[in-house]
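K.L.:
My structure is stored as target_18.csv, with CSV, N, CA and C atoms.
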chain,number,residue,atom,x,y,z
A,1,MET,N,-17.9,2.5,-23.6
A,1,MET,CA,-16.6,2.7,-22.9
A,1,MET,C,-16.4,1.5,-22.0
A,2,VAL,N,-15.3,0.8,-22.0
A,2,VAL,CA,-15.0,-0.3,-21.1
A,2,VAL,C,-14.3,0.2,-19.9
A,3,SER,N,-14.7,-0.2,-18.7
A,3,SER,CA,-14.1,0.1,-17.5
A,3,SER,C,-13.3,-1.1,-17.0
A,4,LEU,N,-12.1,-0.8,-16.7
A,4,LEU,CA,-11.2,-1.9,-16.1
A,4,LEU,C,-11.2,-1.9,-14.6
A,5,SER,N,-11.2,-3.0,-14.0
A,5,SER,CA,-11.1,-3.1,-12.6
A,5,SER,C,-9.7,-2.8,-12.2
A,6,GLY,N,-9.5,-2.5,-10.9
A,6,GLY,CA,-8.2,-2.2,-10.4
A,6,GLY,C,-7.2,-3.3,-10.7
A,7,ARG,N,-7.6,-4.5,-10.5
A,7,ARG,CA,-6.7,-5.7,-10.7
A,7,ARG,C,-6.3,-5.8,-12.2
A,8,THR,N,-7.3,-5.5,-13.1
A,8,THR,CA,-7.0,-5.6,-14.5
A,8,THR,C,-6.0,-4.5,-15.0
A,9,LYS,N,-6.1,-3.3,-14.4
A,9,LYS,CA,-5.2,-2.2,-14.7
A,9,LYS,C,-3.8,-2.5,-14.2
A,10,ARG,N,-3.6,-3.2,-13.1
A,10,ARG,CA,-2.3,-3.4,-12.5
A,10,ARG,C,-1.5,-4.4,-13.4
A,11,ASN,N,-0.2,-4.2,-13.4
A,11,ASN,CA,0.6,-5.1,-14.1
A,11,ASN,C,1.1,-6.3,-13.2
A,12,GLU,N,0.8,-6.3,-12.0
A,12,GLU,CA,1.2,-7.3,-11.0
A,12,GLU,C,0.2,-7.4,-9.9
A,13,ASP,N,0.1,-8.6,-9.3
A,13,ASP,CA,-0.8,-8.8,-8.2
A,13,ASP,C,-0.2,-8.1,-7.0
A,14,ARG,N,-1.1,-7.7,-6.1
A,14,ARG,CA,-0.7,-7.2,-4.8
A,14,ARG,C,-0.5,-8.4,-3.8
A,15,ILE,N,0.4,-8.2,-2.9
A,15,ILE,CA,0.7,-9.3,-1.9
A,15,ILE,C,-0.1,-9.0,-0.6
A,16,PRO,N,-0.9,-9.9,-0.2
A,16,PRO,CA,-1.6,-9.7,1.1
A,16,PRO,C,-0.6,-9.8,2.3
A,17,VAL,N,-0.8,-9.0,3.3
A,17,VAL,CA,0.0,-9.0,4.5
A,17,VAL,C,-0.8,-9.1,5.7
A,18,GLY,N,-0.3,-9.7,6.7
A,18,GLY,CA,-1.1,-10.0,7.9
A,18,GLY,C,-1.2,-8.8,8.9
A,19,HIS,N,-0.1,-8.3,9.4
A,19,HIS,CA,-0.2,-7.3,10.5
A,19,HIS,C,0.3,-5.9,10.1
A,20,ALA,N,0.5,-5.7,8.8
A,20,ALA,CA,1.0,-4.4,8.4
A,20,ALA,C,-0.1,-3.3,8.6
A,21,LYS,N,0.4,-2.1,8.9
A,21,LYS,CA,-0.4,-0.9,9.2
A,21,LYS,C,0.1,0.2,8.4
A,22,VAL,N,-0.8,1.1,8.1
A,22,VAL,CA,-0.5,2.4,7.4
A,22,VAL,C,-1.0,3.5,8.3
A,23,TYR,N,-0.2,4.5,8.5
A,23,TYR,CA,-0.5,5.7,9.3
A,23,TYR,C,-0.7,6.9,8.4
A,24,ILE,N,-1.9,7.4,8.4
A,24,ILE,CA,-2.2,8.6,7.6
A,24,ILE,C,-2.8,9.7,8.5
A,25,HIS,N,-2.2,10.8,8.5
A,25,HIS,CA,-2.6,11.9,9.4
A,25,HIS,C,-2.7,11.5,10.9
A,26,GLY,N,-1.8,10.6,11.3
A,26,GLY,CA,-1.7,10.1,12.6
A,26,GLY,C,-2.7,9.0,12.9
A,27,GLU,N,-3.6,8.6,12.0
A,27,GLU,CA,-4.6,7.6,12.2
A,27,GLU,C,-4.1,6.3,11.6
A,28,MET,N,-4.3,5.1,12.3
A,28,MET,CA,-3.8,3.8,11.9
A,28,MET,C,-4.9,3.1,11.1
A,29,PHE,N,-4.4,2.5,10.0
A,29,PHE,CA,-5.3,1.6,9.1
A,29,PHE,C,-4.7,0.3,8.8
A,30,ASN,N,-5.4,-0.7,8.7
A,30,ASN,CA,-4.9,-2.1,8.3
A,30,ASN,C,-4.6,-2.1,6.8
A,31,VAL,N,-3.5,-2.7,6.5
A,31,VAL,CA,-3.1,-3.0,5.1
A,31,VAL,C,-3.8,-4.3,4.7
A,32,ILE,N,-4.5,-4.2,3.5
A,32,ILE,CA,-5.1,-5.4,3.0
A,32,ILE,C,-4.1,-6.1,2.1
A,33,ASN,N,-3.4,-5.3,1.2
A,33,ASN,CA,-2.4,-5.8,0.3
A,33,ASN,C,-1.5,-4.7,-0.2
A,34,TRP,N,-0.4,-5.0,-0.8
A,34,TRP,CA,0.5,-4.0,-1.3
A,34,TRP,C,1.3,-4.5,-2.5
A,35,SER,N,2.0,-3.6,-3.2
A,35,SER,CA,2.8,-4.0,-4.3
A,35,SER,C,4.0,-3.0,-4.4
A,36,ARG,N,4.8,-3.2,-5.5
A,36,ARG,CA,5.8,-2.2,-5.7
A,36,ARG,C,5.3,-0.8,-6.1
A,37,HIS,N,4.0,-0.8,-6.4
A,37,HIS,CA,3.5,0.5,-6.9
A,37,HIS,C,2.4,1.1,-6.1
A,38,GLY,N,1.8,0.3,-5.1
A,38,GLY,CA,0.7,0.9,-4.4
A,38,GLY,C,0.3,0.0,-3.2
A,39,VAL,N,-0.7,0.5,-2.5
A,39,VAL,CA,-1.2,-0.2,-1.3
A,39,VAL,C,-2.7,-0.1,-1.2
A,40,MET,N,-3.3,-1.1,-0.6
A,40,MET,CA,-4.8,-1.1,-0.4
A,40,MET,C,-5.0,-1.2,1.1
A,41,ILE,N,-5.7,-0.3,1.7
A,41,ILE,CA,-6.0,-0.3,3.2
A,41,ILE,C,-7.5,-0.4,3.4
A,42,GLY,N,-7.8,-1.0,4.5
A,42,GLY,CA,-9.3,-1.1,4.8
A,42,GLY,C,-9.5,-1.8,6.1
A,43,PRO,N,-10.6,-1.5,6.7
A,43,PRO,CA,-11.6,-0.5,6.3
A,43,PRO,C,-11.0,0.9,6.4
A,44,TYR,N,-11.5,1.8,5.6
A,44,TYR,CA,-11.0,3.1,5.6
A,44,TYR,C,-12.2,4.1,5.9
A,45,SER,N,-12.0,4.9,6.9
A,45,SER,CA,-13.0,5.8,7.4
A,45,SER,C,-12.5,7.3,7.4
A,46,GLY,N,-11.5,7.6,6.7
A,46,GLY,CA,-10.9,8.9,6.6
A,46,GLY,C,-11.6,9.8,5.6
A,47,SER,N,-11.0,11.0,5.3
A,47,SER,CA,-11.6,11.9,4.5
A,47,SER,C,-11.0,12.0,3.1
A,48,LEU,N,-10.0,11.2,2.8
A,48,LEU,CA,-9.4,11.3,1.5
A,48,LEU,C,-10.3,10.8,0.4
A,49,ARG,N,-10.2,11.4,-0.8
A,49,ARG,CA,-11.1,11.0,-1.9
A,49,ARG,C,-10.1,10.8,-3.1
A,50,ALA,N,-10.7,10.1,-4.2
A,50,ALA,CA,-9.9,9.8,-5.4
A,50,ALA,C,-9.2,11.1,-5.9
A,51,GLY,N,-7.9,10.9,-6.3
A,51,GLY,CA,-7.1,12.0,-6.8
A,51,GLY,C,-6.4,12.8,-5.8
A,52,GLN,N,-6.7,12.6,-4.5
A,52,GLN,CA,-6.0,13.4,-3.5
A,52,GLN,C,-4.6,12.8,-3.1
A,53,PRO,N,-3.6,13.7,-3.1
A,53,PRO,CA,-2.3,13.2,-2.6
A,53,PRO,C,-2.2,13.2,-1.1
A,54,PHE,N,-1.4,12.4,-0.5
A,54,PHE,CA,-1.2,12.3,0.9
A,54,PHE,C,0.1,11.6,1.2
A,55,THR,N,0.6,11.8,2.5
A,55,THR,CA,1.8,11.1,2.9
A,55,THR,C,1.3,10.0,3.9
A,56,PHE,N,2.1,9.0,4.0
A,56,PHE,CA,1.8,7.9,4.9
A,56,PHE,C,3.1,7.2,5.4
A,57,ARG,N,2.9,6.5,6.4
A,57,ARG,CA,4.0,5.6,7.0
A,57,ARG,C,3.5,4.2,7.0
A,58,PHE,N,4.2,3.3,6.4
A,58,PHE,CA,3.9,1.9,6.3
A,58,PHE,C,4.7,1.1,7.3
A,59,VAL,N,4.1,0.3,8.1
A,59,VAL,CA,4.9,-0.5,9.1
A,59,VAL,C,4.4,-2.0,9.0
A,60,LEU,N,5.4,-2.9,8.8
A,60,LEU,CA,5.2,-4.3,8.8
A,60,LEU,C,6.1,-4.9,9.8
A,61,PRO,N,5.5,-5.4,10.9
A,61,PRO,CA,6.3,-6.1,11.9
A,61,PRO,C,6.9,-7.4,11.4
A,62,MET,N,8.2,-7.5,11.5
A,62,MET,CA,8.9,-8.7,11.0
A,62,MET,C,9.3,-9.6,12.2
A,63,SER,N,9.5,-9.1,13.4
A,63,SER,CA,9.8,-9.9,14.5
A,63,SER,C,9.4,-9.0,15.7
A,64,ASP,N,9.7,-9.5,16.9
A,64,ASP,CA,9.4,-8.8,18.1
A,64,ASP,C,10.3,-7.5,18.2
A,65,GLU,N,11.4,-7.5,17.5
A,65,GLU,CA,12.3,-6.4,17.7
A,65,GLU,C,12.6,-5.7,16.4
A,66,ASP,N,11.9,-6.1,15.3
A,66,ASP,CA,12.3,-5.5,14.0
A,66,ASP,C,11.0,-5.2,13.1
A,67,ASP,N,10.9,-4.1,12.5
A,67,ASP,CA,9.8,-3.7,11.6
A,67,ASP,C,10.4,-3.3,10.3
A,68,PHE,N,9.7,-3.6,9.2
A,68,PHE,CA,10.0,-3.1,7.9
A,68,PHE,C,9.1,-1.9,7.7
A,69,GLU,N,9.7,-0.7,7.5
A,69,GLU,CA,8.8,0.5,7.4
A,69,GLU,C,9.4,1.5,6.4
A,70,PHE,N,8.5,2.3,5.9
A,70,PHE,CA,8.9,3.4,5.0
A,70,PHE,C,7.8,4.4,5.0
A,71,SER,N,8.2,5.6,4.6
A,71,SER,CA,7.2,6.7,4.5
A,71,SER,C,7.3,7.2,3.0
A,72,ALA,N,6.2,7.7,2.5
A,72,ALA,CA,6.1,8.1,1.1
A,72,ALA,C,4.9,9.0,0.8
A,73,TRP,N,5.0,9.6,-0.3
A,73,TRP,CA,3.8,10.2,-0.9
A,73,TRP,C,3.0,9.3,-1.7
A,74,ALA,N,1.7,9.4,-1.7
A,74,ALA,CA,0.8,8.6,-2.6
A,74,ALA,C,-0.3,9.4,-3.1
A,75,GLU,N,-1.0,8.8,-4.0
A,75,GLU,CA,-2.2,9.5,-4.6
A,75,GLU,C,-3.4,8.5,-4.4
A,76,THR,N,-4.5,8.9,-3.9
A,76,THR,CA,-5.7,8.1,-3.8
A,76,THR,C,-6.2,7.7,-5.1
A,77,VAL,N,-6.3,6.4,-5.4
A,77,VAL,CA,-6.9,5.9,-6.7
A,77,VAL,C,-8.4,5.8,-6.6
A,78,ARG,N,-8.8,5.2,-5.5
A,78,ARG,CA,-10.2,5.0,-5.2
A,78,ARG,C,-10.5,4.8,-3.7
A,79,VAL,N,-11.7,5.1,-3.3
A,79,VAL,CA,-12.2,4.8,-2.0
A,79,VAL,C,-13.6,4.2,-2.2
A,80,ASP,N,-13.7,3.0,-1.7
A,80,ASP,CA,-15.0,2.3,-1.8
A,80,ASP,C,-15.2,1.4,-0.6
A,81,GLY,N,-16.2,0.5,-0.7
A,81,GLY,CA,-16.5,-0.4,0.4
A,81,GLY,C,-15.4,-1.3,0.8
A,82,ALA,N,-14.5,-1.6,-0.1
A,82,ALA,CA,-13.3,-2.4,0.1
A,82,ALA,C,-12.2,-1.7,0.9
A,83,GLY,N,-12.2,-0.3,0.8
A,83,GLY,CA,-11.2,0.5,1.5
A,83,GLY,C,-10.6,1.5,0.6
A,84,LEU,N,-9.4,1.9,0.8
A,84,LEU,CA,-8.7,2.9,0.0
A,84,LEU,C,-7.5,2.3,-0.8
A,85,ALA,N,-7.5,2.5,-2.1
A,85,ALA,CA,-6.4,2.1,-2.9
A,85,ALA,C,-5.6,3.3,-3.3
A,86,ALA,N,-4.3,3.2,-3.2
A,86,ALA,CA,-3.4,4.3,-3.5
A,86,ALA,C,-2.2,3.8,-4.2
A,87,ARG,N,-1.6,4.7,-5.0
A,87,ARG,CA,-0.4,4.4,-5.7
A,87,ARG,C,0.7,5.4,-5.2
A,88,TYR,N,1.9,4.9,-5.1
A,88,TYR,CA,3.0,5.7,-4.6
A,88,TYR,C,3.3,6.7,-5.7
A,89,THR,N,3.7,7.9,-5.3
A,89,THR,CA,4.0,9.0,-6.3
A,89,THR,C,5.4,9.5,-6.2
A,90,ASP,N,6.1,9.2,-5.1
A,90,ASP,CA,7.4,9.8,-4.9
A,90,ASP,C,8.3,8.9,-4.0
A,91,LEU,N,8.7,7.8,-4.6
A,91,LEU,CA,9.6,6.9,-3.8
A,91,LEU,C,11.1,7.1,-4.3
A,92,ASN,N,12.0,7.3,-3.3
A,92,ASN,CA,13.4,7.3,-3.7
A,92,ASN,C,13.8,5.9,-4.1
A,93,THR,N,15.0,5.8,-4.7
A,93,THR,CA,15.5,4.5,-5.2
A,93,THR,C,15.7,3.5,-4.1
A,94,ARG,N,16.2,4.0,-3.0
A,94,ARG,CA,16.5,3.1,-1.8
A,94,ARG,C,15.2,2.5,-1.3
A,95,VAL,N,14.2,3.3,-1.1
A,95,VAL,CA,12.9,2.8,-0.6
A,95,VAL,C,12.3,1.9,-1.6
A,96,SER,N,12.3,2.2,-2.9
A,96,SER,CA,11.8,1.4,-4.0
A,96,SER,C,12.5,0.0,-4.0
A,97,ASP,N,13.8,0.0,-3.9
A,97,ASP,CA,14.5,-1.2,-3.9
A,97,ASP,C,14.2,-2.1,-2.6
A,98,ASN,N,14.1,-1.4,-1.5
A,98,ASN,CA,13.7,-2.1,-0.3
A,98,ASN,C,12.3,-2.8,-0.4
A,99,ILE,N,11.4,-2.1,-1.0
A,99,ILE,CA,10.0,-2.6,-1.1
A,99,ILE,C,10.1,-3.8,-2.1
A,100,GLU,N,10.8,-3.7,-3.2
A,100,GLU,CA,10.9,-4.8,-4.1
A,100,GLU,C,11.6,-6.0,-3.4
A,101,HIS,N,12.6,-5.8,-2.7
A,101,HIS,CA,13.3,-6.9,-2.0
A,101,HIS,C,12.3,-7.6,-1.0
A,102,MET,N,11.6,-6.8,-0.2
A,102,MET,CA,10.7,-7.4,0.8
A,102,MET,C,9.5,-8.1,0.1
A,103,LEU,N,9.0,-7.6,-1.0
A,103,LEU,CA,7.9,-8.3,-1.7
A,103,LEU,C,8.4,-9.6,-2.2
A,104,GLY,N,9.7,-9.6,-2.7
A,104,GLY,CA,10.3,-10.9,-3.2
A,104,GLY,C,10.4,-11.9,-2.1
A,105,ILE,N,10.6,-11.5,-0.8
A,105,ILE,CA,10.7,-12.4,0.3
A,105,ILE,C,9.3,-12.9,0.6
A,106,LEU,N,8.3,-12.0,0.6
A,106,LEU,CA,6.9,-12.4,1.0
A,106,LEU,C,6.1,-13.0,-0.1
A,107,SER,N,6.5,-12.9,-1.4
A,107,SER,CA,5.7,-13.5,-2.5
A,107,SER,C,5.6,-15.0,-2.4
A,108,PRO,N,4.4,-15.5,-2.6
A,108,PRO,CA,4.3,-17.0,-2.6
A,108,PRO,C,5.2,-17.6,-3.8
A,109,ALA,N,5.8,-18.7,-3.6
A,109,ALA,CA,6.6,-19.3,-4.7
A,109,ALA,C,5.7,-19.8,-5.8
A,110,GLU,N,6.2,-19.6,-7.0
A,110,GLU,CA,5.4,-19.9,-8.2
A,110,GLU,C,5.9,-21.2,-8.7
Hey, can you dump this file as structure tokens for me?

P.N.:
Amino acid sequence: MVSLSGRTKRNEDRIPVGHAKVYIHGEMFNVINWSRHGVMIGPYSGSLRAGQPFTFRFVLPMSDEDDFEFSAWAETVRVDGAGLAARYTDLNTRVSDNIEHMLGILSPAE
């Protein structure tokens, strides 16, 4: 049986972000990277395990007075030494469109 890495399974690369945070059960974690479909946080010291659903709030400071943020449901894909990888499970169209727009702004030019 061939095992695919998380990057191989994904259809797109995740975008690294500098100061973004994710809040899970009131606890703050650093965002390593994110995409239209999921987020990687780390280091992660919480109790979530692979397959568990959870809600979170994502906050990316854009300026001293403005943040890009959204809340959503996600499912834990894996937890390892790199952190916690999760995929969004219930994004409404507005939030999904906003994420796609922001990622387009943050993506490096090809």

K.L.:
Counting only C-alpha atoms, write as a PyMOL selection string all protein and nucleic acid residues lying at most 10 Å from (9.3, 5.0, 10.3) in the file's frame.

P.N.:
chain A and resi 23+56-59+67-71

K.L.:
Just N, CA and C atoms for this one: save the residues we selected as an mmCIF file, in the coordinates of the input.

P.N.:
data_model
loop_
_atom_site.group_PDB
_atom_site.id
_atom_site.type_symbol
_atom_site.label_atom_id
_atom_site.label_comp_id
_atom_site.auth_asym_id
_atom_site.auth_seq_id
_atom_site.Cartn_x
_atom_site.Cartn_y
_atom_site.Cartn_z
ATOM 1 N N TYR A 23 -0.200 4.500 8.500
ATOM 2 C CA TYR A 23 -0.500 5.700 9.300
ATOM 3 C C TYR A 23 -0.700 6.900 8.400
ATOM 4 N N PHE A 56 2.100 9.000 4.000
ATOM 5 C CA PHE A 56 1.800 7.900 4.900
ATOM 6 C C PHE A 56 3.100 7.200 5.400
ATOM 7 N N ARG A 57 2.900 6.500 6.400
ATOM 8 C CA ARG A 57 4.000 5.600 7.000
ATOM 9 C C ARG A 57 3.500 4.200 7.000
ATOM 10 N N PHE A 58 4.200 3.300 6.400
ATOM 11 C CA PHE A 58 3.900 1.900 6.300
ATOM 12 C C PHE A 58 4.700 1.100 7.300
ATOM 13 N N VAL A 59 4.100 0.300 8.100
ATOM 14 C CA VAL A 59 4.900 -0.500 9.100
ATOM 15 C C VAL A 59 4.400 -2.000 9.000
ATOM 16 N N ASP A 67 10.900 -4.100 12.500
ATOM 17 C CA ASP A 67 9.800 -3.700 11.600
ATOM 18 C C ASP A 67 10.400 -3.300 10.300
ATOM 19 N N PHE A 68 9.700 -3.600 9.200
ATOM 20 C CA PHE A 68 10.000 -3.100 7.900
ATOM 21 C C PHE A 68 9.100 -1.900 7.700
ATOM 22 N N GLU A 69 9.700 -0.700 7.500
ATOM 23 C CA GLU A 69 8.800 0.500 7.400
ATOM 24 C C GLU A 69 9.400 1.500 6.400
ATOM 25 N N PHE A 70 8.500 2.300 5.900
ATOM 26 C CA PHE A 70 8.900 3.400 5.000
ATOM 27 C C PHE A 70 7.800 4.400 5.000
ATOM 28 N N SER A 71 8.200 5.600 4.600
ATOM 29 C CA SER A 71 7.200 6.700 4.500
ATOM 30 C C SER A 71 7.300 7.200 3.000
#

K.L.:
I need the residue nearest Gly81 (chain A) from this list: A:Tyr44, A:His19, A:Asn30, A:Val39. Use all atoms listed in the file for the distance.

P.N.:
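Comparing A:Tyr44, A:His19, A:Asn30, A:Val39 against Gly81 (chain A), the winner is A:Tyr44.
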
K.L.:
Interatomic distance between atom C of Ala82 (chain A) and CA of Gly46 (chain A)?

P.N.:
12.1 Å

K.L.:
Determine the axis-aligned bounding box of all atoms of region 30-43 of chain A present in the file, pad each side by 6 Å, and express its centre and edge lengths in Å to one decimal place as AutoDock Vina command-line options.

P.N.:
--center_x -2.9 --center_y -2.5 --center_z 0.9 --size_x 29.4 --size_y 19.2 --size_z 27.6

K.L.:
Could you tell me how far atom C of Ala72 (chain A) lies from atom C of Phe54 (chain A), in Å and to one decimal?

P.N.:
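Distance between the two atoms: 5.5 Å.
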
K.L.:
Work out how far apart atom C of Asn33 (chain A) and CA of Glu65 (chain A) are and give it in Å to one decimal.

P.N.:
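Separation between atom C of Asn33 (chain A) and CA of Glu65 (chain A): 22.7 Å.
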
K.L.:
Which polymer residues have any atom within 5 Å of an atom of Ile41 (chain A), counting all atoms listed in the file, with same-chain residues fewer than 2 positions away left out, as JSON, numbers by chain?

P.N.:
{"A": [30, 31, 32, 39, 43, 83, 84]}

K.L.:
May I have the residues from that selection written out with N, CA and C atoms, as an mmCIF file, in the frame of the given file?

P.N.:
data_model
loop_
_atom_site.group_PDB
_atom_site.id
_atom_site.type_symbol
_atom_site.label_atom_id
_atom_site.label_comp_id
_atom_site.auth_asym_id
_atom_site.auth_seq_id
_atom_site.Cartn_x
_atom_site.Cartn_y
_atom_site.Cartn_z
ATOM 1 N N ASN A 30 -5.400 -0.700 8.700
ATOM 2 C CA ASN A 30 -4.900 -2.100 8.300
ATOM 3 C C ASN A 30 -4.600 -2.100 6.800
ATOM 4 N N VAL A 31 -3.500 -2.700 6.500
ATOM 5 C CA VAL A 31 -3.100 -3.000 5.100
ATOM 6 C C VAL A 31 -3.800 -4.300 4.700
ATOM 7 N N ILE A 32 -4.500 -4.200 3.500
ATOM 8 C CA ILE A 32 -5.100 -5.400 3.000
ATOM 9 C C ILE A 32 -4.100 -6.100 2.100
ATOM 10 N N VAL A 39 -0.700 0.500 -2.500
ATOM 11 C CA VAL A 39 -1.200 -0.200 -1.300
ATOM 12 C C VAL A 39 -2.700 -0.100 -1.200
ATOM 13 N N PRO A 43 -10.600 -1.500 6.700
ATOM 14 C CA PRO A 43 -11.600 -0.500 6.300
ATOM 15 C C PRO A 43 -11.000 0.900 6.400
ATOM 16 N N GLY A 83 -12.200 -0.300 0.800
ATOM 17 C CA GLY A 83 -11.200 0.500 1.500
ATOM 18 C C GLY A 83 -10.600 1.500 0.600
ATOM 19 N N LEU A 84 -9.400 1.900 0.800
ATOM 20 C CA LEU A 84 -8.700 2.900 0.000
ATOM 21 C C LEU A 84 -7.500 2.300 -0.800
#

K.L.:
Taking only chain A into account, list the residues labelled alpha helix (DSSP H) by DSSP (computed from the backbone), as a ChimeraX atom specification.

P.N.:
/A:6-9,93-106

K.L.:
Which of these residues is nearest to Arg87 (chain A), using only N, CA and C atoms: A:Leu60, A:Met40, A:Leu103, A:Val17?

P.N.:
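Of A:Leu60, A:Met40, A:Leu103, A:Val17, the one nearest Arg87 (chain A), counting only N, CA and C atoms, is A:Met40.
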
K.L.:
Please provide as a PDB file with N, CA and C atoms, keeping the file's coordinate frame all residues within 7 Å of Val79 (chain A), with the sequence filter that same-chain residues fewer than 6 positions apart are discarded (counting only C-alpha atoms).

P.N.:
ATOM      1  N   ARG A  49     -10.200  11.400  -0.800  1.00  0.00           N
ATOM      2  CA  ARG A  49     -11.100  11.000  -1.900  1.00  0.00           C
ATOM      3  C   ARG A  49     -10.100  10.800  -3.100  1.00  0.00           C
ATOM      4  N   ALA A  50     -10.700  10.100  -4.200  1.00  0.00           N
ATOM      5  CA  ALA A  50      -9.900   9.800  -5.400  1.00  0.00           C
ATOM      6  C   ALA A  50      -9.200  11.100  -5.900  1.00  0.00           C
ATOM      7  N   ALA A  85      -7.500   2.500  -2.100  1.00  0.00           N
ATOM      8  CA  ALA A  85      -6.400   2.100  -2.900  1.00  0.00           C
ATOM      9  C   ALA A  85      -5.600   3.300  -3.300  1.00  0.00           C
TER      10      ALA A  85
END

K.L.:
Running DSSP on the backbone, which parts of chain A land in strand (DSSP E), as a ChimeraX atom specification?

P.N.:
/A:15-16,21-24,27-34,38-41,53-61,67-80,83-88

K.L.:
Neighbours of Pro53 (chain A) within 6.5 Å (only N, CA and C atoms; same-chain residues fewer than 3 positions away dropped), as a list in words?

P.N.:
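The residues satisfying every condition are Ala74, Glu75 and Thr76 of chain A.
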